[in-house]
$ cat run.cif   # mmCIF, C-alpha atoms and all ligand atoms
data_protein
loop_
_atom_site.label_atom_id
_atom_site.label_comp_id
_atom_site.auth_asym_id
_atom_site.auth_seq_id
_atom_site.Cartn_x
_atom_site.Cartn_y
_atom_site.Cartn_z
CA MET A 937 145.66 132.01 77.62
CA GLU A 938 149.09 130.51 78.00
CA HIS A 939 149.77 127.77 75.46
CA ILE A 940 152.04 124.88 76.36
CA PHE A 941 154.05 123.71 73.38
CA TYR A 942 156.41 121.32 75.10
CA GLY A 943 156.30 118.39 77.50
CA LYS A 944 156.61 114.63 77.71
CA SER A 945 153.85 114.03 75.12
CA PHE A 946 155.99 115.79 72.49
CA SER A 947 158.45 112.89 72.37
CA ARG A 948 156.28 111.07 69.83
CA PRO A 949 155.40 110.37 67.05
CA ILE A 950 158.77 110.02 65.32
CA GLY A 951 159.97 112.99 63.30
CA TYR A 952 162.76 113.71 60.80
CA LYS A 953 165.05 116.68 60.25
CA ILE A 954 165.51 118.07 56.73
CA MET A 955 169.29 118.29 56.43
CA PHE A 956 171.52 119.54 53.64
CA GLU A 957 173.41 116.34 52.99
CA GLU A 958 173.22 113.51 50.47
CA SER A 959 170.81 110.83 51.59
CA PRO A 960 172.53 107.53 52.40
CA ARG A 961 169.29 105.81 51.33
CA ASP A 962 167.76 105.51 47.84
CA ASP A 963 165.16 108.26 48.32
CA HIS A 964 165.43 111.58 46.46
CA HIS A 965 164.12 114.37 48.66
CA HIS A 966 165.17 117.83 47.61
CA VAL A 967 164.85 121.54 48.27
CA GLY A 968 164.04 123.90 45.37
CA GLY A 969 163.73 122.90 41.74
CA ASP A 970 160.83 123.44 39.31
CA GLU A 971 159.39 120.02 38.49
CA TRP A 972 155.89 121.06 39.53
CA ASN A 973 153.61 123.37 37.61
CA LEU A 974 152.61 125.80 40.38
CA PRO A 975 150.11 128.66 40.13
CA ASN A 976 151.39 132.23 40.19
CA CYS A 977 150.86 134.15 43.42
CA ARG A 978 147.50 135.92 43.27
CA LEU A 979 148.86 138.97 45.11
CA CYS A 980 152.28 139.69 43.63
CA GLU A 981 151.67 137.74 40.40
CA THR A 982 155.08 136.07 40.38
CA PRO A 983 155.81 132.31 40.29
CA MET A 984 155.53 130.57 43.65
CA HIS A 985 158.54 128.84 45.17
CA GLN A 986 158.88 125.10 45.24
CA LEU A 987 160.40 124.73 48.73
CA VAL A 988 160.72 121.01 49.45
CA CYS A 989 159.81 117.91 47.42
CA LEU A 990 159.35 114.76 49.48
CA ASP A 991 159.93 111.47 47.74
CA LEU A 992 157.00 109.30 48.83
CA LYS A 993 158.81 106.13 47.80
CA ASP A 994 160.55 106.59 51.14
CA ASP A 995 158.78 104.04 53.37
CA ARG A 996 159.02 106.38 56.35
CA LEU A 997 156.48 108.61 54.57
CA SER A 998 154.15 105.80 53.49
CA GLU A 999 151.11 107.29 55.24
CA LEU A 1000 151.17 110.13 52.67
CA ARG A 1001 151.14 107.78 49.72
CA GLY A 1002 148.12 107.23 47.52
CA GLU A 1003 147.35 106.45 43.92
CA HIS A 1004 149.87 108.28 41.69
CA CYS A 1005 151.28 110.08 44.76
CA GLU A 1006 154.98 109.61 44.21
CA GLU A 1007 156.17 113.01 45.29
CA LEU A 1008 154.71 115.68 47.56
CA VAL A 1009 155.58 119.32 46.89
CA LEU A 1010 155.60 121.91 49.68
CA PHE A 1011 155.40 125.44 48.30
CA SER A 1012 154.33 129.06 48.81
CA CYS A 1013 155.07 132.53 47.50
CA LEU A 1014 158.03 133.83 49.50
CA ASN A 1015 158.05 137.37 48.14
CA CYS A 1016 154.91 138.99 49.52
CA SER A 1017 152.46 139.00 52.42
CA MET A 1018 150.57 136.01 50.95
CA LEU A 1019 152.41 133.54 53.17
CA TRP A 1020 151.15 135.15 56.40
CA GLU A 1021 147.58 133.89 55.97
CA GLU A 1022 146.11 130.45 55.39
CA GLN A 1023 146.45 128.99 51.91
CA PHE A 1024 144.75 125.89 50.49
CA PHE A 1025 145.85 124.22 47.28
CA LYS A 1026 144.60 121.22 45.32
CA LEU A 1027 147.40 118.94 44.17
CA ASP A 1028 147.30 116.93 40.96
CA PHE A 1029 149.94 114.29 41.66
CA GLN A 1030 149.71 112.63 38.26
CA ASN A 1031 150.41 115.84 36.33
CA ARG A 1032 152.57 117.39 39.05
CA SER A 1033 150.51 120.56 39.15
CA ALA A 1034 148.64 122.57 41.77
CA ALA A 1035 145.70 124.99 41.81
CA VAL A 1036 144.63 127.59 44.36
CA ILE A 1037 141.51 126.64 46.33
CA LYS A 1038 141.54 129.39 48.93
CA GLN A 1039 143.94 132.14 49.89
CA GLU A 1040 142.85 134.32 52.78
CA GLN A 1041 145.34 137.14 52.41
CA GLU A 1042 143.87 140.50 51.36
CA GLU A 1043 146.64 142.85 52.43
CA PHE A 1044 149.35 143.22 49.87
CA GLU A 1045 152.87 143.93 50.99
CA LYS A 1046 155.67 143.03 48.66
CA ALA A 1047 159.27 142.40 49.65
CA ASP A 1048 161.69 145.13 48.54
CA ASP A 1049 163.35 144.53 45.18
CA GLU A 1050 166.71 143.70 46.75
CA ASP A 1051 165.04 141.12 49.02
CA GLN A 1052 163.17 139.33 46.23
CA ILE A 1053 163.92 135.62 46.10
CA THR A 1054 164.09 134.34 42.56
CA ALA A 1055 162.06 131.31 41.59
CA PRO A 1056 162.92 128.55 41.15
CA LEU A 1057 165.11 128.01 44.18
CA ARG A 1058 168.30 126.08 43.57
CA HIS A 1059 167.76 122.31 43.39
CA VAL A 1060 169.62 120.79 46.36
CA PRO A 1061 169.34 117.15 47.50
CA VAL A 1062 168.47 116.76 51.17
CA SER A 1063 168.28 113.93 53.63
CA LEU A 1064 165.60 113.11 56.22
CA VAL A 1065 167.41 112.25 59.42
CA GLU A 1066 165.50 110.70 62.31
CA MET A 1067 165.32 113.00 65.31
CA GLU A 1068 167.20 112.26 68.48
CA ALA A 1069 165.96 112.78 72.02
CA GLU A 1070 167.14 116.40 72.11
CA ASP A 1071 165.18 117.23 68.95
CA TYR A 1072 161.82 116.72 70.65
CA PRO A 1073 160.45 119.62 72.76
CA THR A 1074 159.97 117.55 75.89
CA SER A 1075 160.94 120.42 78.21
CA GLU A 1076 161.03 124.21 78.07
CA GLU A 1077 164.82 124.11 77.79
CA ARG A 1078 164.71 121.74 74.82
CA TYR A 1079 161.94 123.77 73.21
CA ASP A 1080 164.20 126.86 73.32
CA GLU A 1081 167.23 124.92 72.07
CA ILE A 1082 165.29 123.57 69.11
CA PHE A 1083 164.58 127.09 67.87
CA THR A 1084 168.33 127.65 67.78
CA ALA A 1085 169.00 124.44 65.87
CA LEU A 1086 166.12 125.03 63.44
CA GLY A 1087 167.58 127.21 60.69
CA THR A 1088 171.20 126.48 61.58
CA ALA A 1089 171.60 122.70 61.91
CA TYR A 1090 168.61 121.89 59.70
CA PHE A 1091 166.00 123.54 57.45
CA GLY A 1092 162.74 121.96 58.57
CA ARG A 1093 161.01 119.10 60.35
CA VAL A 1094 158.91 116.32 58.83
CA PHE A 1095 156.29 114.57 61.00
CA GLY A 1096 156.57 114.45 64.76
CA LYS A 1097 154.27 116.74 66.71
CA PRO A 1098 154.49 120.17 65.06
CA LEU A 1099 156.87 122.51 66.86
CA LEU A 1100 154.55 125.45 67.54
CA ALA A 1101 155.68 129.04 67.79
CA GLU A 1102 152.36 130.81 68.51
CA ASP A 1103 149.23 128.69 68.26
CA GLU A 1104 147.80 125.23 67.77
CA LEU A 1105 147.40 124.41 64.06
CA ASP A 1106 143.95 124.24 62.54
CA LEU A 1107 144.12 120.99 60.59
CA THR A 1108 140.55 120.97 59.24
CA CYS A 1109 140.37 120.12 55.54
CA CYS A 1110 138.46 122.82 53.63
CA GLU A 1111 136.81 120.19 51.41
CA CYS A 1112 135.83 117.22 53.59
CA GLY A 1113 136.07 118.75 57.07
CA GLN A 1114 138.20 115.87 58.38
CA ASP A 1115 141.55 116.34 60.10
CA MET A 1116 144.50 116.71 57.76
CA THR A 1117 147.88 115.07 58.33
CA PHE A 1118 150.62 117.37 59.56
CA VAL A 1119 153.48 116.87 57.09
CA ALA A 1120 156.28 119.35 57.74
CA LEU A 1121 157.39 122.76 58.88
CA ILE A 1122 160.04 124.92 57.27
CA THR A 1123 161.76 127.92 58.79
CA GLY A 1124 162.21 131.17 56.88
CA GLU A 1125 164.73 132.43 59.39
CA ASN A 1126 167.94 130.65 58.54
CA ASP A 1127 171.54 131.37 57.70
CA PHE A 1128 172.55 128.52 55.47
CA ASP A 1129 175.58 128.61 53.26
CA GLU A 1130 175.18 130.52 49.97
CA LYS A 1131 175.75 127.34 48.01
CA TYR A 1132 172.13 126.36 48.77
CA GLY A 1133 170.83 129.65 47.32
CA ASP A 1134 168.93 132.36 49.18
CA LEU A 1135 166.63 130.61 51.65
CA PHE A 1136 165.94 133.40 54.13
CA PHE A 1137 162.34 134.52 53.77
CA GLY A 1138 161.50 136.08 57.14
CA GLU A 1139 161.03 135.36 60.81
CA VAL A 1140 158.38 132.82 60.10
CA ILE A 1141 157.68 129.11 60.21
CA LEU A 1142 155.51 127.65 57.44
CA TYR A 1143 153.44 124.59 58.41
CA PHE A 1144 152.29 122.19 55.69
CA SER A 1145 149.42 119.71 56.11
CA LEU A 1146 147.82 117.32 53.64
CA CYS A 1147 144.39 115.73 53.33
CA PRO A 1148 145.30 112.43 51.63
CA ALA A 1149 141.64 111.87 50.63
CA CYS A 1150 141.08 115.26 48.92
CA HIS A 1151 144.70 116.03 47.93
CA ILE A 1152 144.39 119.39 49.64
CA LEU A 1153 147.62 120.98 50.84
CA LYS A 1154 147.30 123.61 53.54
CA VAL A 1155 149.99 126.18 54.36
CA GLU A 1156 149.85 128.28 57.50
CA ALA A 1157 152.38 130.61 59.09
CA GLN A 1158 153.48 131.58 62.58
CA SER A 1159 156.03 134.21 63.47
CA ILE A 1160 159.13 133.40 65.50
ZN ZN A 1201 153.29 136.71 46.33
ZN ZN A 1202 139.75 116.42 52.80
#
$ encode --input "run.cif" --output "structure tokens" --more "lines below"
Ligand SMILES: [Zn+2]
Ligand SMILES: [Zn+2]
Amino acid sequence: MEHIFYGKSFSRPIGYKIMFEESPRDDHHHVGGDEWNLPNCRLCETPMHQLVCLDLKDDRLSELRGEHCEELVLFSCLNCSMLWEEQFFKLDFQNRSAAVIKQEQEEFEKADDEDQITAPLRHVPVSLVEMEAEDYPTSEERYDEIFTALGTAYFGRVFGKPLLAEDELDLTCCECGQDMTFVALITGENDFDEKYGDLFFGEVILYFSLCPACHILKVEAQSI
């Protein structure tokens, strides 16, 4: 079946681009760092990578806020096949730690030694910049153009309708069965300046969703 991932309905809700520039506001979003106590990857047994931390004091992200939820971490192992299957984590916002609830991956393929990405990633401040008309996949042409901009002009997208590469997302929370909130997507295929550290982790988009009631973070991947 042919999936349609663009069209007029994709012009809302509002989304933001994760850009490597100082925020002109007083929020403190960043890429990398090691503030959170993350579990080791069950497959390759190395520390997982803190990819993006969203500062929930930013009013634009208020729907993700809850008691003690001041920062939301988006993370995964970037060094093995783990990221290709669904992962569910429980977040402890107060202690800034996370535990594995479910990881579906059984096949173990590790990146070659020279391709290993060291954890933690370099801590780099980023800015959330509201998308403009051309950033929404309202037509096939725009949809194609966005894949060029994603990974060159910016690192990921927060909110908006998820930009889909292969399939609709399954947003069902593994604990309560309700729909999760789509939070962000991050591209592994990028060619950013070395000063941000090594951020290329494959021809993949990682999609992050949160159940604000259960504090479950889901990560799923699609290839591009
Ligand atoms: Zn791993
Ligand atoms: Zn839930």
$ residues_near_ligand --input "run.cif" --ligand "ligand ZN 1202 (chain A)" --cutoff "6 Å" --atoms "all atoms listed in the file" --output "PDB file with C-alpha atoms, in the coordinates of the input"
ATOM      1  CA  CYS A1109     140.370 120.120  55.540  1.00  0.00           C
ATOM      2  CA  GLU A1111     136.810 120.190  51.410  1.00  0.00           C
ATOM      3  CA  CYS A1112     135.830 117.220  53.590  1.00  0.00           C
ATOM      4  CA  GLN A1114     138.200 115.870  58.380  1.00  0.00           C
ATOM      5  CA  CYS A1147     144.390 115.730  53.330  1.00  0.00           C
ATOM      6  CA  ALA A1149     141.640 111.870  50.630  1.00  0.00           C
ATOM      7  CA  CYS A1150     141.080 115.260  48.920  1.00  0.00           C
TER       8      CYS A1150
END
$ residues_near_ligand --input "run.cif" --ligand "ligand ZN 1201 (chain A)" --cutoff "9 Å" --atoms "only C-alpha atoms and all ligand atoms" --output "PyMOL selection string"
chain A and resi 976-984+1012-1019+1044-1047
$ closest_residue --input "run.cif" --among "A:Val1065, A:Ile1152, A:Leu987, A:Leu1086" --to "Tyr952 of chain A" --atoms "all atoms listed in the file"
A:Val1065
$ closest_residue --input "run.cif" --among "A:Asp994, A:Asp1048, A:Glu1066, A:Glu1042" --to "Phe1095 of chain A" --atoms "all atoms listed in the file"
A:Glu1066
$ closest_residue --input "run.cif" --among "A:Leu1105, A:Ile1141, A:Ala1055, A:Ala1085" --to "Asp1071 of chain A" --atoms "only C-alpha atoms"
A:Ala1085
$ decode --input "run.cif" --residues "segment 1002-1103 of chain A" --atoms "C-alpha atoms" --output "PDB file, in the first residue's frame"
ATOM      1  CA  GLY A1002       4.584  17.462  34.638  1.00  0.00           C
ATOM      2  CA  GLU A1003       5.604  17.236  38.252  1.00  0.00           C
ATOM      3  CA  HIS A1004       9.423  17.387  38.478  1.00  0.00           C
ATOM      4  CA  CYS A1005       9.649  17.255  34.656  1.00  0.00           C
ATOM      5  CA  GLU A1006      12.118  20.037  34.002  1.00  0.00           C
ATOM      6  CA  GLU A1007      14.124  18.412  31.274  1.00  0.00           C
ATOM      7  CA  LEU A1008      13.376  15.653  28.775  1.00  0.00           C
ATOM      8  CA  VAL A1009      16.234  13.494  27.524  1.00  0.00           C
ATOM      9  CA  LEU A1010      16.135  11.824  24.101  1.00  0.00           C
ATOM     10  CA  PHE A1011      18.626   8.974  23.872  1.00  0.00           C
ATOM     11  CA  SER A1012      19.593   5.629  22.324  1.00  0.00           C
ATOM     12  CA  CYS A1013      22.628   3.455  21.722  1.00  0.00           C
ATOM     13  CA  LEU A1014      24.177   4.651  18.464  1.00  0.00           C
ATOM     14  CA  ASN A1015      26.803   1.937  18.132  1.00  0.00           C
ATOM     15  CA  CYS A1016      24.881  -1.248  17.407  1.00  0.00           C
ATOM     16  CA  SER A1017      21.721  -2.665  15.842  1.00  0.00           C
ATOM     17  CA  MET A1018      19.687  -1.843  18.983  1.00  0.00           C
ATOM     18  CA  LEU A1019      18.376   1.396  17.491  1.00  0.00           C
ATOM     19  CA  TRP A1020      16.680  -0.374  14.558  1.00  0.00           C
ATOM     20  CA  GLU A1021      13.908  -1.874  16.706  1.00  0.00           C
ATOM     21  CA  GLU A1022      11.423  -0.366  19.129  1.00  0.00           C
ATOM     22  CA  GLN A1023      12.743   0.650  22.539  1.00  0.00           C
ATOM     23  CA  PHE A1024      10.737   1.682  25.613  1.00  0.00           C
ATOM     24  CA  PHE A1025      12.299   3.387  28.609  1.00  0.00           C
ATOM     25  CA  LYS A1026      10.930   4.603  31.937  1.00  0.00           C
ATOM     26  CA  LEU A1027      12.168   8.071  32.855  1.00  0.00           C
ATOM     27  CA  ASP A1028      12.753   9.223  36.414  1.00  0.00           C
ATOM     28  CA  PHE A1029      12.694  12.999  35.992  1.00  0.00           C
ATOM     29  CA  GLN A1030      13.491  13.789  39.607  1.00  0.00           C
ATOM     30  CA  ASN A1031      16.693  11.729  39.649  1.00  0.00           C
ATOM     31  CA  ARG A1032      17.470  12.256  35.968  1.00  0.00           C
ATOM     32  CA  SER A1033      17.757   8.552  35.295  1.00  0.00           C
ATOM     33  CA  ALA A1034      16.203   6.028  32.924  1.00  0.00           C
ATOM     34  CA  ALA A1035      15.550   2.276  32.929  1.00  0.00           C
ATOM     35  CA  VAL A1036      14.870  -0.148  30.093  1.00  0.00           C
ATOM     36  CA  ILE A1037      11.268  -1.380  29.936  1.00  0.00           C
ATOM     37  CA  LYS A1038      11.350  -3.172  26.603  1.00  0.00           C
ATOM     38  CA  GLN A1039      13.868  -3.519  23.812  1.00  0.00           C
ATOM     39  CA  GLU A1040      12.768  -5.620  20.873  1.00  0.00           C
ATOM     40  CA  GLN A1041      16.093  -6.066  19.132  1.00  0.00           C
ATOM     41  CA  GLU A1042      17.491  -9.612  19.148  1.00  0.00           C
ATOM     42  CA  GLU A1043      19.978  -9.403  16.297  1.00  0.00           C
ATOM     43  CA  PHE A1044      23.320  -8.072  17.331  1.00  0.00           C
ATOM     44  CA  GLU A1045      25.394  -6.139  14.854  1.00  0.00           C
ATOM     45  CA  LYS A1046      27.997  -3.792  16.187  1.00  0.00           C
ATOM     46  CA  ALA A1047      29.469  -0.830  14.348  1.00  0.00           C
ATOM     47  CA  ASP A1048      33.108  -1.312  13.294  1.00  0.00           C
ATOM     48  CA  ASP A1049      35.678  -0.033  15.770  1.00  0.00           C
ATOM     49  CA  GLU A1050      36.578   2.956  13.612  1.00  0.00           C
ATOM     50  CA  ASP A1051      32.894   3.927  13.373  1.00  0.00           C
ATOM     51  CA  GLN A1052      32.216   3.765  17.110  1.00  0.00           C
ATOM     52  CA  ILE A1053      30.799   6.995  18.491  1.00  0.00           C
ATOM     53  CA  THR A1054      32.132   7.764  21.931  1.00  0.00           C
ATOM     54  CA  ALA A1055      29.713   8.556  24.714  1.00  0.00           C
ATOM     55  CA  PRO A1056      29.045  11.134  25.926  1.00  0.00           C
ATOM     56  CA  LEU A1057      28.557  13.249  22.833  1.00  0.00           C
ATOM     57  CA  ARG A1058      29.936  16.759  23.017  1.00  0.00           C
ATOM     58  CA  HIS A1059      27.663  19.165  24.918  1.00  0.00           C
ATOM     59  CA  VAL A1060      26.478  21.776  22.403  1.00  0.00           C
ATOM     60  CA  PRO A1061      23.742  24.364  23.050  1.00  0.00           C
ATOM     61  CA  VAL A1062      20.989  24.370  20.437  1.00  0.00           C
ATOM     62  CA  SER A1063      18.030  26.530  19.617  1.00  0.00           C
ATOM     63  CA  LEU A1064      14.451  25.558  18.729  1.00  0.00           C
ATOM     64  CA  VAL A1065      13.445  27.665  15.758  1.00  0.00           C
ATOM     65  CA  GLU A1066       9.820  27.759  14.653  1.00  0.00           C
ATOM     66  CA  MET A1067       9.314  26.193  11.250  1.00  0.00           C
ATOM     67  CA  GLU A1068       8.445  28.259   8.234  1.00  0.00           C
ATOM     68  CA  ALA A1069       6.003  27.330   5.481  1.00  0.00           C
ATOM     69  CA  GLU A1070       8.659  25.456   3.489  1.00  0.00           C
ATOM     70  CA  ASP A1071       9.521  23.269   6.496  1.00  0.00           C
ATOM     71  CA  TYR A1072       6.139  21.534   6.465  1.00  0.00           C
ATOM     72  CA  PRO A1073       5.658  18.646   3.979  1.00  0.00           C
ATOM     73  CA  THR A1074       2.553  20.111   2.382  1.00  0.00           C
ATOM     74  CA  SER A1075       3.468  18.834  -1.100  1.00  0.00           C
ATOM     75  CA  GLU A1076       5.628  16.087  -2.588  1.00  0.00           C
ATOM     76  CA  GLU A1077       8.195  18.676  -3.647  1.00  0.00           C
ATOM     77  CA  ARG A1078       8.463  20.108  -0.132  1.00  0.00           C
ATOM     78  CA  TYR A1079       8.602  16.621   1.354  1.00  0.00           C
ATOM     79  CA  ASP A1080      11.667  15.873  -0.815  1.00  0.00           C
ATOM     80  CA  GLU A1081      13.281  19.232  -0.038  1.00  0.00           C
ATOM     81  CA  ILE A1082      12.880  18.683   3.695  1.00  0.00           C
ATOM     82  CA  PHE A1083      14.963  15.508   3.529  1.00  0.00           C
ATOM     83  CA  THR A1084      17.762  17.598   2.041  1.00  0.00           C
ATOM     84  CA  ALA A1085      17.515  20.260   4.743  1.00  0.00           C
ATOM     85  CA  LEU A1086      17.264  17.700   7.551  1.00  0.00           C
ATOM     86  CA  GLY A1087      20.853  16.843   8.438  1.00  0.00           C
ATOM     87  CA  THR A1088      22.351  19.878   6.715  1.00  0.00           C
ATOM     88  CA  ALA A1089      20.417  22.963   7.867  1.00  0.00           C
ATOM     89  CA  TYR A1090      19.223  21.379  11.115  1.00  0.00           C
ATOM     90  CA  PHE A1091      19.609  18.224  13.241  1.00  0.00           C
ATOM     91  CA  GLY A1092      16.035  17.302  14.104  1.00  0.00           C
ATOM     92  CA  ARG A1093      12.426  18.399  14.410  1.00  0.00           C
ATOM     93  CA  VAL A1094      10.387  18.912  17.573  1.00  0.00           C
ATOM     94  CA  PHE A1095       6.579  18.625  17.404  1.00  0.00           C
ATOM     95  CA  GLY A1096       4.669  19.209  14.203  1.00  0.00           C
ATOM     96  CA  LYS A1097       3.345  16.140  12.433  1.00  0.00           C
ATOM     97  CA  PRO A1098       6.206  13.621  12.320  1.00  0.00           C
ATOM     98  CA  LEU A1099       8.043  13.637   8.995  1.00  0.00           C
ATOM     99  CA  LEU A1100       7.720   9.967   8.026  1.00  0.00           C
ATOM    100  CA  ALA A1101      10.243   8.093   5.935  1.00  0.00           C
ATOM    101  CA  GLU A1102       8.627   4.629   5.768  1.00  0.00           C
ATOM    102  CA  ASP A1103       5.586   4.073   7.963  1.00  0.00           C
TER     103      ASP A1103
END
